[in-house]
Structure formats: structure tokens, C-alpha cells
$ cat target-v8.txt   # compact mmCIF, C-alpha atoms
# COMPACT_ATOMS: atom_id res chain seq x y z
CA MET F 249 -18.64 -26.50 -57.77
CA HIS F 250 -20.38 -26.82 -54.40
CA LYS F 251 -17.75 -29.35 -53.24
CA LEU F 252 -14.95 -26.96 -54.31
CA ILE F 253 -16.45 -24.06 -52.38
CA LEU F 254 -16.89 -26.28 -49.33
CA LEU F 255 -13.24 -27.39 -49.49
CA ILE F 256 -12.05 -23.79 -49.79
CA LEU F 257 -14.17 -22.65 -46.82
CA THR F 258 -12.95 -25.59 -44.74
CA ALA F 259 -9.31 -24.83 -45.56
CA VAL F 260 -9.74 -21.15 -44.65
CA ALA F 261 -11.42 -22.08 -41.40
CA LEU F 262 -8.68 -24.52 -40.44
CA GLY F 263 -5.99 -22.06 -41.42
CA GLY F 264 -7.64 -19.39 -39.33
CA CYS F 265 -7.71 -21.70 -36.32
CA ARG F 266 -4.05 -22.56 -36.71
CA SER F 267 -3.07 -18.87 -36.84
CA GLN F 268 -4.75 -18.04 -33.52
CA PRO F 269 -2.54 -18.06 -30.43
CA PRO F 270 -3.21 -20.82 -27.91
CA THR F 271 -5.38 -19.91 -24.93
CA LYS F 272 -3.30 -19.00 -21.88
CA HIS F 273 -3.60 -21.20 -18.83
CA MET F 274 -5.43 -19.77 -15.85
CA LEU F 275 -2.94 -18.10 -13.52
CA THR F 276 -4.05 -18.33 -9.91
CA LEU F 277 -2.49 -16.00 -7.35
CA LYS F 278 -3.42 -15.74 -3.70
CA LEU F 279 -2.74 -12.44 -1.93
CA ALA F 280 -3.07 -11.21 1.65
CA VAL F 281 -4.61 -7.74 1.69
CA ASN F 282 -4.51 -4.71 3.97
CA ASP F 283 -5.36 -1.48 2.14
CA ILE F 284 -6.33 1.64 4.07
CA TYR F 285 -8.74 2.69 1.30
CA CYS F 286 -10.39 -0.72 0.93
CA THR F 287 -13.77 -1.12 2.61
CA ASP F 288 -12.92 -4.74 3.49
CA THR F 289 -9.89 -3.73 5.56
CA ALA F 290 -10.94 -0.33 6.93
CA CYS F 291 -13.03 0.34 9.99
CA ALA F 292 -16.63 1.44 9.42
CA CYS F 293 -16.01 5.01 10.61
CA VAL F 294 -14.10 5.85 7.40
CA HIS F 295 -16.12 3.87 4.86
CA HIS F 296 -17.18 7.15 3.24
CA VAL F 297 -13.52 7.52 2.18
CA ALA F 298 -12.27 3.93 2.31
CA ALA F 299 -14.84 2.58 -0.13
CA ARG F 300 -12.53 0.74 -2.52
CA THR F 301 -13.48 -2.79 -3.54
CA TYR F 302 -11.61 -5.26 -5.74
CA THR F 303 -14.41 -7.64 -6.81
CA GLU F 304 -14.98 -5.94 -10.17
CA THR F 305 -11.26 -5.88 -10.94
CA GLN F 306 -10.92 -9.56 -10.01
CA ALA F 307 -13.76 -10.44 -12.40
CA LEU F 308 -12.13 -8.50 -15.26
CA LEU F 309 -8.75 -10.12 -14.66
CA LYS F 310 -10.30 -13.58 -14.71
CA ALA F 311 -12.59 -13.07 -17.72
CA GLU F 312 -10.27 -11.08 -19.98
CA TYR F 313 -6.76 -12.04 -18.89
CA GLY F 314 -7.03 -15.52 -17.43
CA ILE F 315 -5.83 -14.43 -13.99
CA ASP F 316 -7.63 -15.65 -10.89
CA LEU F 317 -6.59 -13.14 -8.24
CA GLN F 318 -7.75 -14.53 -4.90
CA LEU F 319 -7.75 -12.02 -2.04
CA ASP F 320 -7.94 -12.59 1.71
CA TYR F 321 -8.58 -9.45 3.76
CA PHE F 322 -6.95 -8.49 7.07
CA VAL F 323 -8.20 -5.47 8.98
CA GLU F 324 -5.35 -5.46 11.48
CA PRO F 325 -1.79 -5.17 10.10
CA TYR F 326 -0.44 -7.60 12.71
CA ASN F 327 -2.82 -10.29 11.40
CA LEU F 328 -1.56 -9.56 7.90
CA GLU F 329 1.98 -10.04 9.18
CA LYS F 330 1.04 -13.42 10.67
CA ALA F 331 -0.42 -14.46 7.32
CA ILE F 332 2.73 -13.44 5.44
CA LEU F 333 4.96 -15.25 7.93
CA ALA F 334 2.85 -18.41 7.58
CA GLY F 335 3.93 -18.58 3.94
CA ASN F 336 0.50 -19.46 2.60
CA TYR F 337 0.33 -16.62 0.07
CA ASP F 338 1.96 -15.78 -3.24
CA GLY F 339 2.24 -12.17 -2.16
CA ALA F 340 0.46 -9.25 -0.59
CA LEU F 341 -1.42 -6.06 -1.39
CA CYS F 342 -0.39 -3.62 1.32
CA LYS F 343 2.12 -0.98 2.38
CA PRO F 344 5.37 -2.35 0.89
CA TRP F 345 7.26 -2.01 4.19
CA ILE F 346 4.95 -4.51 5.90
CA ALA F 347 5.96 -7.26 3.47
CA LEU F 348 9.56 -6.25 2.80
CA ARG F 349 10.55 -6.20 6.48
CA LEU F 350 9.28 -9.78 6.86
CA GLU F 351 11.15 -11.27 3.91
CA LYS F 352 13.87 -13.00 5.91
CA ASP F 353 11.56 -14.51 8.53
CA ALA F 354 9.01 -15.54 5.89
CA GLY F 355 11.63 -17.10 3.62
CA ALA F 356 10.39 -14.89 0.81
CA GLU F 357 11.77 -12.42 -1.71
CA PHE F 358 9.13 -9.82 -2.52
CA GLU F 359 9.05 -7.74 -5.67
CA GLN F 360 6.74 -4.79 -6.26
CA VAL F 361 4.62 -5.51 -9.32
CA ALA F 362 2.29 -2.51 -9.27
CA ASP F 363 1.23 0.41 -7.08
CA ILE F 364 -2.39 1.40 -6.66
CA LEU F 365 -3.27 5.08 -6.47
CA ASP F 366 -5.30 6.60 -3.65
CA PRO F 367 -8.56 8.53 -4.28
CA ASP F 368 -6.50 11.65 -5.12
CA ASN F 369 -4.43 9.60 -7.60
CA ASN F 370 -1.44 9.86 -5.29
CA ARG F 371 0.97 6.96 -4.89
CA TRP F 372 3.02 8.25 -1.97
CA LEU F 373 2.93 7.93 1.80
CA ALA F 374 4.69 10.18 4.31
CA GLY F 375 4.80 10.82 8.01
CA ILE F 376 3.78 14.24 9.27
CA VAL F 377 4.97 16.01 12.41
CA VAL F 378 1.96 17.66 14.03
CA VAL F 379 1.30 19.93 17.00
CA MET F 380 -1.97 21.31 18.28
CA ALA F 381 -3.31 24.25 16.28
CA ASP F 382 -2.89 26.57 19.28
CA SER F 383 0.64 25.40 20.05
CA THR F 384 3.39 28.01 20.41
CA PHE F 385 5.69 25.87 18.22
CA GLN F 386 5.90 27.26 14.70
CA THR F 387 8.89 25.40 13.21
CA LEU F 388 10.39 21.95 13.33
CA GLU F 389 13.59 23.30 14.85
CA GLU F 390 11.70 24.63 17.87
CA LEU F 391 10.99 21.05 18.91
CA ASN F 392 14.65 20.49 19.76
CA GLY F 393 14.91 19.33 23.38
CA LYS F 394 11.16 18.70 23.67
CA ALA F 395 9.00 15.58 24.03
CA MET F 396 8.22 13.67 20.80
CA LEU F 397 6.07 10.59 20.13
CA ILE F 398 6.64 8.60 16.92
CA GLY F 399 5.44 5.29 15.48
CA GLU F 400 6.93 1.85 16.04
CA GLU F 401 9.27 0.04 13.68
CA ASP F 402 6.49 -1.64 11.70
CA ALA F 403 5.37 1.78 10.38
CA TYR F 404 8.19 3.09 8.20
CA GLU F 405 6.81 6.58 7.60
CA LYS F 406 6.24 7.17 11.32
CA HIS F 407 9.48 5.63 12.59
CA TYR F 408 12.52 5.30 10.34
CA ALA F 409 11.57 8.15 8.01
CA ALA F 410 10.74 10.34 11.02
CA LYS F 411 14.09 9.63 12.69
CA ARG F 412 15.87 10.48 9.44
CA LEU F 413 13.99 13.78 9.20
CA PHE F 414 15.04 14.73 12.73
CA GLN F 415 18.64 13.69 12.11
CA GLN F 416 18.82 15.75 8.91
CA ASN F 417 17.56 18.78 10.83
CA GLU F 418 19.88 18.09 13.81
CA ILE F 419 16.96 17.81 16.21
CA GLU F 420 17.34 15.84 19.44
CA PHE F 421 14.65 15.30 22.01
CA GLN F 422 14.58 15.36 25.77
CA ARG F 423 12.08 12.51 25.50
CA LEU F 424 11.43 10.30 22.45
CA GLU F 425 8.89 7.48 22.71
CA THR F 426 6.96 5.19 20.37
CA LYS F 427 3.39 3.96 20.13
CA ALA F 428 1.72 1.66 17.66
CA SER F 429 -1.09 3.68 16.11
CA CYS F 430 -1.94 7.16 14.84
CA ILE F 431 -4.96 7.17 17.16
CA GLU F 432 -2.75 6.66 20.20
CA ASN F 433 -0.29 9.33 19.08
CA LEU F 434 -2.96 11.94 18.43
CA GLY F 435 -4.66 11.11 21.72
CA GLU F 436 -1.41 11.60 23.63
CA LEU F 437 -0.87 14.94 21.90
CA MET F 438 -4.40 16.12 22.66
CA ASP F 439 -3.96 15.12 26.30
CA GLY F 440 -0.83 17.25 26.51
CA HIS F 441 1.59 14.39 27.18
CA PHE F 442 3.87 15.31 24.26
CA ASP F 443 4.84 18.51 22.50
CA ALA F 444 4.49 16.94 19.04
CA VAL F 445 3.77 13.57 17.45
CA VAL F 446 4.33 11.84 14.11
CA VAL F 447 1.39 10.24 12.31
CA SER F 448 0.74 8.97 8.78
CA ASP F 449 -0.32 11.71 6.38
CA TYR F 450 -3.75 10.11 5.90
CA ALA F 451 -4.45 9.87 9.65
CA LEU F 452 -6.80 12.84 9.85
CA THR F 453 -8.90 11.90 6.83
CA ALA F 454 -8.81 8.12 6.27
CA ASP F 455 -8.12 6.64 9.69
CA CYS F 456 -10.24 5.93 12.76
CA ALA F 457 -8.84 9.12 14.29
CA VAL F 458 -11.53 11.02 12.37
CA ASP F 459 -13.90 10.01 15.16
CA PHE F 460 -12.28 12.47 17.58
CA ALA F 461 -9.67 14.52 15.70
CA ARG F 462 -10.34 17.17 13.07
CA PRO F 463 -7.64 18.38 10.65
CA GLU F 464 -8.21 21.99 11.71
CA ASP F 465 -7.30 21.11 15.31
CA PHE F 466 -3.68 20.49 14.31
CA ARG F 467 -0.78 22.18 12.55
CA ILE F 468 1.85 20.38 10.48
CA LEU F 469 5.46 21.38 11.14
CA GLY F 470 7.26 18.85 8.98
CA LYS F 471 6.92 15.97 6.55
CA THR F 472 9.11 12.93 5.97
CA GLU F 473 10.45 11.64 2.69
CA PRO F 474 7.73 9.88 0.63
CA VAL F 475 7.57 6.10 0.21
CA PRO F 476 5.10 3.98 -1.79
CA LEU F 477 1.67 3.85 -0.16
CA THR F 478 0.10 0.60 -1.39
CA SER F 479 1.59 -2.01 -3.70
CA ILE F 480 1.05 -5.51 -4.97
CA LEU F 481 4.14 -7.51 -4.07
CA LEU F 482 4.76 -11.06 -5.26
CA ASP F 483 7.16 -13.63 -3.81
CA THR F 484 9.71 -14.36 -6.53
CA ASN F 485 10.32 -17.76 -4.93
CA LYS F 486 6.73 -18.72 -5.76
CA VAL F 487 5.81 -16.68 -8.83
CA SER F 488 7.93 -16.76 -11.97
CA GLU F 489 9.19 -13.64 -13.70
CA LYS F 490 6.90 -14.42 -16.64
CA ASP F 491 3.83 -14.63 -14.42
CA ARG F 492 4.80 -11.48 -12.50
CA ALA F 493 5.05 -9.62 -15.79
CA ARG F 494 1.73 -11.12 -16.90
CA LEU F 495 -0.07 -9.83 -13.81
CA GLN F 496 1.52 -6.40 -14.12
CA ALA F 497 0.50 -6.10 -17.78
CA ALA F 498 -3.06 -7.12 -16.95
CA LEU F 499 -3.37 -4.66 -14.05
CA LEU F 500 -2.07 -1.80 -16.18
CA ALA F 501 -4.37 -2.74 -19.05
CA VAL F 502 -7.42 -2.86 -16.80
CA SER F 503 -6.48 0.53 -15.36
CA GLU F 504 -5.73 2.23 -18.67
CA LYS F 505 -8.57 0.86 -20.77
CA ASP F 506 -11.63 1.21 -18.57
CA THR F 507 -10.70 1.67 -14.92
CA PRO F 508 -13.36 0.18 -12.61
CA GLU F 509 -14.97 2.95 -10.58
CA SER F 510 -14.74 0.67 -7.55
CA LEU F 511 -10.97 1.29 -7.43
CA LEU F 512 -11.70 4.95 -6.48
CA SER F 513 -8.81 6.20 -8.64
CA LYS F 514 -7.06 5.71 -11.96
CA GLY F 515 -6.12 2.30 -10.66
CA PHE F 516 -2.78 0.55 -10.93
CA VAL F 517 0.49 2.01 -12.20
CA LYS F 518 4.01 0.69 -12.63
CA PRO F 519 5.67 0.49 -9.22
CA ALA F 520 7.92 3.14 -7.77
CA VAL F 521 10.46 0.50 -6.81
CA TRP F 522 11.70 1.10 -3.30
CA SER F 523 14.64 -0.47 -1.47
CA PRO F 524 14.72 0.65 2.18
CA VAL F 525 18.26 1.22 3.39
CA GLU F 526 17.30 -0.45 6.68
CA LEU F 527 17.09 -3.80 4.87
CA GLU F 528 20.42 -3.57 3.09
CA PRO F 529 22.98 -6.19 4.22
$ encode --input "target-v8.txt" --output "C-alpha cells"
Amino acid sequence: MHKLILLILTAVALGGCRSQPPTKHMLTLKLAVNDIYCTDTACACVHHVAARTYTETQALLKAEYGIDLQLDYFVEPYNLEKAILAGNYDGALCKPWIALRLEKDAGAEFEQVADILDPDNNRWLAGIVVVMADSTFQTLEELNGKAMLIGEEDAYEKHYAAKRLFQQNEIEFQRLETKASCIENLGELMDGHFDAVVVSDYALTADCAVDFARPEDFRILGKTEPVPLTSILLDTNKVSEKDRARLQAALLAVSEKDTPESLLSKGFVKPAVWSPVELEP
């Protein structure tokens, strides 16, 4: 009787083992990161807002989903661009435009896998047209024939989207110039060198400009079309469709089940897939 029971228990145990799915192999992905709300890529002056960290999420992905997400942080966008062009990464976590505009030179084909929400659970980024609070300009149209400062081509929301906004409103400028950063643009406006400037919509709350510029010192006259703010993009030449889907599913599961507080928001969502017309053949 004892031998019979032992045989039955052994058979059940073996059968149970055979019915379990095989353990997935560890998927290792290396990403270059520049996230305006991440404490590892933001300047210290905005760490009260840019306090996001990814360590907890990385640990969950590795322990529960077999995904080793290795992140290298770049404070300056131009250093992130160098890293992408070097081809040493499987993808990036950044403003999608930064990676997408470098595809050809990097020999890559990037696909958005997931977007991460900002602290207000917003996924969008826009450029804003601002004047000083005491300016006589009250509407966007009044800027026609005036002096305007916008961003350079590496900042979509401050350059291409801004130009499209002006074109749609039939606004032409007596002087139109570009500068690289929101800090420079706001400084030029405050010094009276331009009638209006375009900056990113987070510039007055989550950028180094908070050191000298207060939101109440400015007035917004216009806003560009929204584009995705921060996404995880993977190079389809390096990461298979199956593995891209695996990472996406894991990120969504982590966000939906028990979102780490360190993400400062509801976490990751399915991407708002974006194809800039400027990159069309």
C-alpha cells in the first residue's frame, strides 16, 4: 500500500513538472537614457520635480519577468546622441525625436515600445510661445512682423512644430533666429532682445530655467501640436519583434499591477506611435 501511494505521488509530481511552461531565458537590453523627470539625467536645481528613478522597476523586471534592463544615463542630450550614433545600445529612453532623427546615421530602425507618463500622468510634449507678462502682445497674430526666437532642429516641439504653428496662422517674422536651450531663449526674452520665444512646455517647472524664471513672469500666446514626451524605443535591427513585445508586456504589467512610486506616475503605457513628416522619404 505504501509503495502504491509513493508511486502515485511520484507520478503526480512528474506530471505537474511536465505541465509547467519552461523558464524564459533572461532578456538583456541596454538603453541610453535622457529623461527630464529622472533624477539621474536632470540638473540638481529641479530634483524636487525630477525625482524619478528606475532602479526599482529594473529589479521588478529582472525578478518577475526575466528582463535585465541595463540603463546608462546622459545628462546632456548631445551626449545621448553620440551614444546612439556609436551603435552600442539596443535602444533609448528619451524624447522620441532625439532617436528617430538619428536613425539613418546610426544605421538603426527605432520603434516605440512604450511611453512613460510625467508626474501629472501626461504623455504629451508641446512647444509654447511666450512673451513677458507685461508685454503689450495679447494674441499670436500680433507677433506678425516681429522678432521671434525658437529652438534648434534637435528639439522638435521648439522648432518644426513651432514653424508649423506659425505657418498655419500665416505669421511671418521680421527676424527669426534659433538657440539651443530653453534657458537661452527665456534669457533673451527677459533681456528684451526678442518680442517672443518658443520653449518646451515644461521649461518653467522642470528645467534649469526655474533658477531665474517664474511662470507668473510670462504669458503664453500659443501652443504647438503635441508629440510624445518620453518613450522607450528599441532598434528593430537588434531586438526581435518577440522580444520587443515581451518588454512592452512586462512594462505594462509592472505599471498596471503595482506601479513603483519611484516612477512618479502611473508608469508606462502603450505608445502613441508617432511618425514625423520631416523623416518621410
$ closest_residue --input "target-v8.txt" --among "F:Leu348, F:Ala356, F:Ala498, F:Ile284" --to "Lys486 of chain F" --atoms "only C-alpha atoms"
F:Ala356
$ atom_distance --input "target-v8.txt" --atom1 "atom CA of Glu359 of chain F" --atom2 "atom CA of Glu489 of chain F"
10.0 Å
$ residues_around --input "target-v8.txt" --residues "Leu512 of chain F" --least-positions-apart "5" --cutoff "12 Å" --atoms "all atoms listed in the file" --output "list in words"
Tyr285, Cys286, Thr287, His296, Val297, Ala298, Ala299, Arg300, Thr301, Tyr302, Glu304, Thr305, Ile364, Leu365, Asp366, Pro367, Asp368, Asn369, Asn370, Ser503 and Thr507 of chain F
$ residues_around --input "target-v8.txt" --residues "Ser479 of chain F" --least-positions-apart "4" --cutoff "9 Å" --atoms "only C-alpha atoms" --output "MDAnalysis selection string"
chainID F and resid 340:344 360:364 516 519
$ closest_residue --input "target-v8.txt" --among "F:Lys310, F:Arg349, F:Lys411, F:Lys490" --to "Pro524 of chain F" --atoms "only C-alpha atoms"
F:Arg349
$ residues_around --input "target-v8.txt" --residues "Leu308 of chain F" --least-positions-apart "4" --cutoff "12 Å" --atoms "only C-alpha atoms" --output "PyMOL selection string"
chain F and resi 302-304+312-317+498-499+501-503+505-508
$ write_last_selection --input "target-v8.txt" --atoms "C-alpha atoms" --output "PDB file, keeping the file's coordinate frame"
ATOM      1  CA  TYR F 302     -11.610  -5.260  -5.740  1.00  0.00           C
ATOM      2  CA  THR F 303     -14.410  -7.640  -6.810  1.00  0.00           C
ATOM      3  CA  GLU F 304     -14.980  -5.940 -10.170  1.00  0.00           C
ATOM      4  CA  GLU F 312     -10.270 -11.080 -19.980  1.00  0.00           C
ATOM      5  CA  TYR F 313      -6.760 -12.040 -18.890  1.00  0.00           C
ATOM      6  CA  GLY F 314      -7.030 -15.520 -17.430  1.00  0.00           C
ATOM      7  CA  ILE F 315      -5.830 -14.430 -13.990  1.00  0.00           C
ATOM      8  CA  ASP F 316      -7.630 -15.650 -10.890  1.00  0.00           C
ATOM      9  CA  LEU F 317      -6.590 -13.140  -8.240  1.00  0.00           C
ATOM     10  CA  ALA F 498      -3.060  -7.120 -16.950  1.00  0.00           C
ATOM     11  CA  LEU F 499      -3.370  -4.660 -14.050  1.00  0.00           C
ATOM     12  CA  ALA F 501      -4.370  -2.740 -19.050  1.00  0.00           C
ATOM     13  CA  VAL F 502      -7.420  -2.860 -16.800  1.00  0.00           C
ATOM     14  CA  SER F 503      -6.480   0.530 -15.360  1.00  0.00           C
ATOM     15  CA  LYS F 505      -8.570   0.860 -20.770  1.00  0.00           C
ATOM     16  CA  ASP F 506     -11.630   1.210 -18.570  1.00  0.00           C
ATOM     17  CA  THR F 507     -10.700   1.670 -14.920  1.00  0.00           C
ATOM     18  CA  PRO F 508     -13.360   0.180 -12.610  1.00  0.00           C
TER      19      PRO F 508
END
$ closest_residue --input "target-v8.txt" --among "F:Glu401, F:Ala381, F:Phe414, F:Leu477" --to "Met438 of chain F" --atoms "all atoms listed in the file"
F:Ala381
$ atom_distance --input "target-v8.txt" --atom1 "atom CA of Glu405 of chain F" --atom2 "atom CA of Ala461 of chain F"
20.0 Å
$ closest_residue --input "target-v8.txt" --among "F:Arg371, F:Ser510, F:Arg412, F:Gln386" --to "Phe466 of chain F" --atoms "all atoms listed in the file"
F:Gln386
$ closest_residue --input "target-v8.txt" --among "F:Ala451, F:Ala292, F:Leu275, F:Ile346" --to "Asn433 of chain F" --atoms "only C-alpha atoms"
F:Ala451
$ residues_around --input "target-v8.txt" --residues "Gly440 of chain F" --least-positions-apart "5" --cutoff "12 Å" --atoms "all atoms listed in the file" --output "mmCIF file with C-alpha atoms, in the frame of the given file"
data_model
loop_
_atom_site.group_PDB
_atom_site.id
_atom_site.type_symbol
_atom_site.label_atom_id
_atom_site.label_comp_id
_atom_site.auth_asym_id
_atom_site.auth_seq_id
_atom_site.Cartn_x
_atom_site.Cartn_y
_atom_site.Cartn_z
ATOM 1 C CA VAL F 379 1.300 19.930 17.000
ATOM 2 C CA MET F 380 -1.970 21.310 18.280
ATOM 3 C CA ASP F 382 -2.890 26.570 19.280
ATOM 4 C CA SER F 383 0.640 25.400 20.050
ATOM 5 C CA ALA F 395 9.000 15.580 24.030
ATOM 6 C CA MET F 396 8.220 13.670 20.800
ATOM 7 C CA LEU F 397 6.070 10.590 20.130
ATOM 8 C CA ASN F 433 -0.290 9.330 19.080
ATOM 9 C CA LEU F 434 -2.960 11.940 18.430
ATOM 10 C CA GLY F 435 -4.660 11.110 21.720
ATOM 11 C CA VAL F 445 3.770 13.570 17.450
#
$ atom_distance --input "target-v8.txt" --atom1 "atom CA of Lys352 of chain F" --atom2 "atom CA of Thr472 of chain F"
26.4 Å
$ build_atoms --input "target-v8.txt" --residues "segment 366-377 of chain F" --atoms "all heavy atoms" --output "JSON list (two decimals), in the coordinates of the input"
[["chain", "number", "residue", "atom", "x", "y", "z"],
["F", 366, "ASP", "N", -4.26, 6.30, -4.62],
["F", 366, "ASP", "CA", -5.30, 6.60, -3.65],
["F", 366, "ASP", "C", -6.40, 7.43, -4.33],
["F", 366, "ASP", "O", -6.30, 7.74, -5.53],
["F", 366, "ASP", "CB", -4.71, 7.30, -2.42],
["F", 366, "ASP", "CG", -4.29, 8.75, -2.67],
["F", 366, "ASP", "OD1", -4.60, 9.31, -3.75],
["F", 366, "ASP", "OD2", -3.67, 9.34, -1.78],
["F", 367, "PRO", "N", -7.47, 7.79, -3.64],
["F", 367, "PRO", "CA", -8.56, 8.53, -4.28],
["F", 367, "PRO", "C", -8.16, 9.86, -4.90],
["F", 367, "PRO", "O", -8.89, 10.39, -5.74],
["F", 367, "PRO", "CB", -9.56, 8.73, -3.12],
["F", 367, "PRO", "CG", -9.34, 7.53, -2.26],
["F", 367, "PRO", "CD", -7.85, 7.32, -2.29],
["F", 368, "ASP", "N", -7.02, 10.42, -4.51],
["F", 368, "ASP", "CA", -6.50, 11.65, -5.12],
["F", 368, "ASP", "C", -5.47, 11.35, -6.21],
["F", 368, "ASP", "O", -4.75, 12.25, -6.66],
["F", 368, "ASP", "CB", -5.88, 12.56, -4.06],
["F", 368, "ASP", "CG", -6.91, 13.10, -3.09],
["F", 368, "ASP", "OD1", -8.03, 13.42, -3.54],
["F", 368, "ASP", "OD2", -6.61, 13.17, -1.89],
["F", 369, "ASN", "N", -5.40, 10.06, -6.61],
["F", 369, "ASN", "CA", -4.43, 9.60, -7.60],
["F", 369, "ASN", "C", -2.99, 9.87, -7.18],
["F", 369, "ASN", "O", -2.12, 10.18, -7.99],
["F", 369, "ASN", "CB", -4.72, 10.21, -8.98],
["F", 369, "ASN", "CG", -6.00, 9.67, -9.57],
["F", 369, "ASN", "OD1", -6.22, 8.46, -9.59],
["F", 369, "ASN", "ND2", -6.87, 10.55, -10.05],
["F", 370, "ASN", "N", -2.76, 9.72, -5.89],
["F", 370, "ASN", "CA", -1.44, 9.86, -5.29],
["F", 370, "ASN", "C", -0.90, 8.46, -4.97],
["F", 370, "ASN", "O", -1.66, 7.58, -4.56],
["F", 370, "ASN", "CB", -1.55, 10.68, -4.01],
["F", 370, "ASN", "CG", -0.35, 10.49, -3.10],
["F", 370, "ASN", "OD1", 0.77, 10.85, -3.44],
["F", 370, "ASN", "ND2", -0.59, 9.89, -1.93],
["F", 371, "ARG", "N", 0.37, 8.27, -5.16],
["F", 371, "ARG", "CA", 0.97, 6.96, -4.89],
["F", 371, "ARG", "C", 1.87, 6.96, -3.66],
["F", 371, "ARG", "O", 2.44, 5.93, -3.30],
["F", 371, "ARG", "CB", 1.79, 6.52, -6.10],
["F", 371, "ARG", "CG", 3.13, 7.24, -6.23],
["F", 371, "ARG", "CD", 3.78, 7.03, -7.57],
["F", 371, "ARG", "NE", 3.95, 5.63, -7.86],
["F", 371, "ARG", "CZ", 4.18, 5.15, -9.10],
["F", 371, "ARG", "NH1", 4.24, 5.96, -10.13],
["F", 371, "ARG", "NH2", 4.37, 3.87, -9.28],
["F", 372, "TRP", "N", 2.01, 8.12, -3.01],
["F", 372, "TRP", "CA", 3.02, 8.25, -1.97],
["F", 372, "TRP", "C", 2.43, 8.29, -0.57],
["F", 372, "TRP", "O", 1.29, 8.68, -0.36],
["F", 372, "TRP", "CB", 3.86, 9.51, -2.20],
["F", 372, "TRP", "CG", 4.54, 9.55, -3.52],
["F", 372, "TRP", "CD1", 4.25, 10.37, -4.57],
["F", 372, "TRP", "CD2", 5.62, 8.72, -3.95],
["F", 372, "TRP", "NE1", 5.10, 10.11, -5.62],
["F", 372, "TRP", "CE2", 5.93, 9.10, -5.28],
["F", 372, "TRP", "CE3", 6.34, 7.69, -3.34],
["F", 372, "TRP", "CZ2", 6.95, 8.49, -6.00],
["F", 372, "TRP", "CZ3", 7.36, 7.08, -4.07],
["F", 372, "TRP", "CH2", 7.65, 7.48, -5.38],
["F", 373, "LEU", "N", 3.26, 7.91, 0.37],
["F", 373, "LEU", "CA", 2.93, 7.93, 1.80],
["F", 373, "LEU", "C", 4.05, 8.65, 2.53],
["F", 373, "LEU", "O", 5.23, 8.45, 2.24],
["F", 373, "LEU", "CB", 2.80, 6.50, 2.32],
["F", 373, "LEU", "CG", 2.77, 6.30, 3.84],
["F", 373, "LEU", "CD1", 1.48, 6.89, 4.42],
["F", 373, "LEU", "CD2", 2.87, 4.81, 4.17],
["F", 374, "ALA", "N", 3.68, 9.48, 3.50],
["F", 374, "ALA", "CA", 4.69, 10.18, 4.31],
["F", 374, "ALA", "C", 4.22, 10.26, 5.75],
["F", 374, "ALA", "O", 3.03, 10.07, 6.05],
["F", 374, "ALA", "CB", 4.94, 11.58, 3.76],
["F", 375, "GLY", "N", 5.15, 10.53, 6.63],
["F", 375, "GLY", "CA", 4.80, 10.82, 8.01],
["F", 375, "GLY", "C", 4.75, 12.33, 8.18],
["F", 375, "GLY", "O", 5.50, 13.06, 7.51],
["F", 376, "ILE", "N", 3.86, 12.81, 9.02],
["F", 376, "ILE", "CA", 3.78, 14.24, 9.27],
["F", 376, "ILE", "C", 3.99, 14.52, 10.76],
["F", 376, "ILE", "O", 3.53, 13.77, 11.61],
["F", 376, "ILE", "CB", 2.44, 14.85, 8.81],
["F", 376, "ILE", "CG1", 1.25, 14.08, 9.38],
["F", 376, "ILE", "CG2", 2.38, 14.90, 7.29],
["F", 376, "ILE", "CD1", -0.11, 14.69, 9.03],
["F", 377, "VAL", "N", 4.72, 15.58, 11.04],
["F", 377, "VAL", "CA", 4.97, 16.01, 12.41],
["F", 377, "VAL", "C", 3.91, 17.05, 12.74],
["F", 377, "VAL", "O", 3.84, 18.10, 12.10],
["F", 377, "VAL", "CB", 6.37, 16.63, 12.55],
["F", 377, "VAL", "CG1", 6.63, 17.02, 14.00],
["F", 377, "VAL", "CG2", 7.44, 15.66, 12.06]]
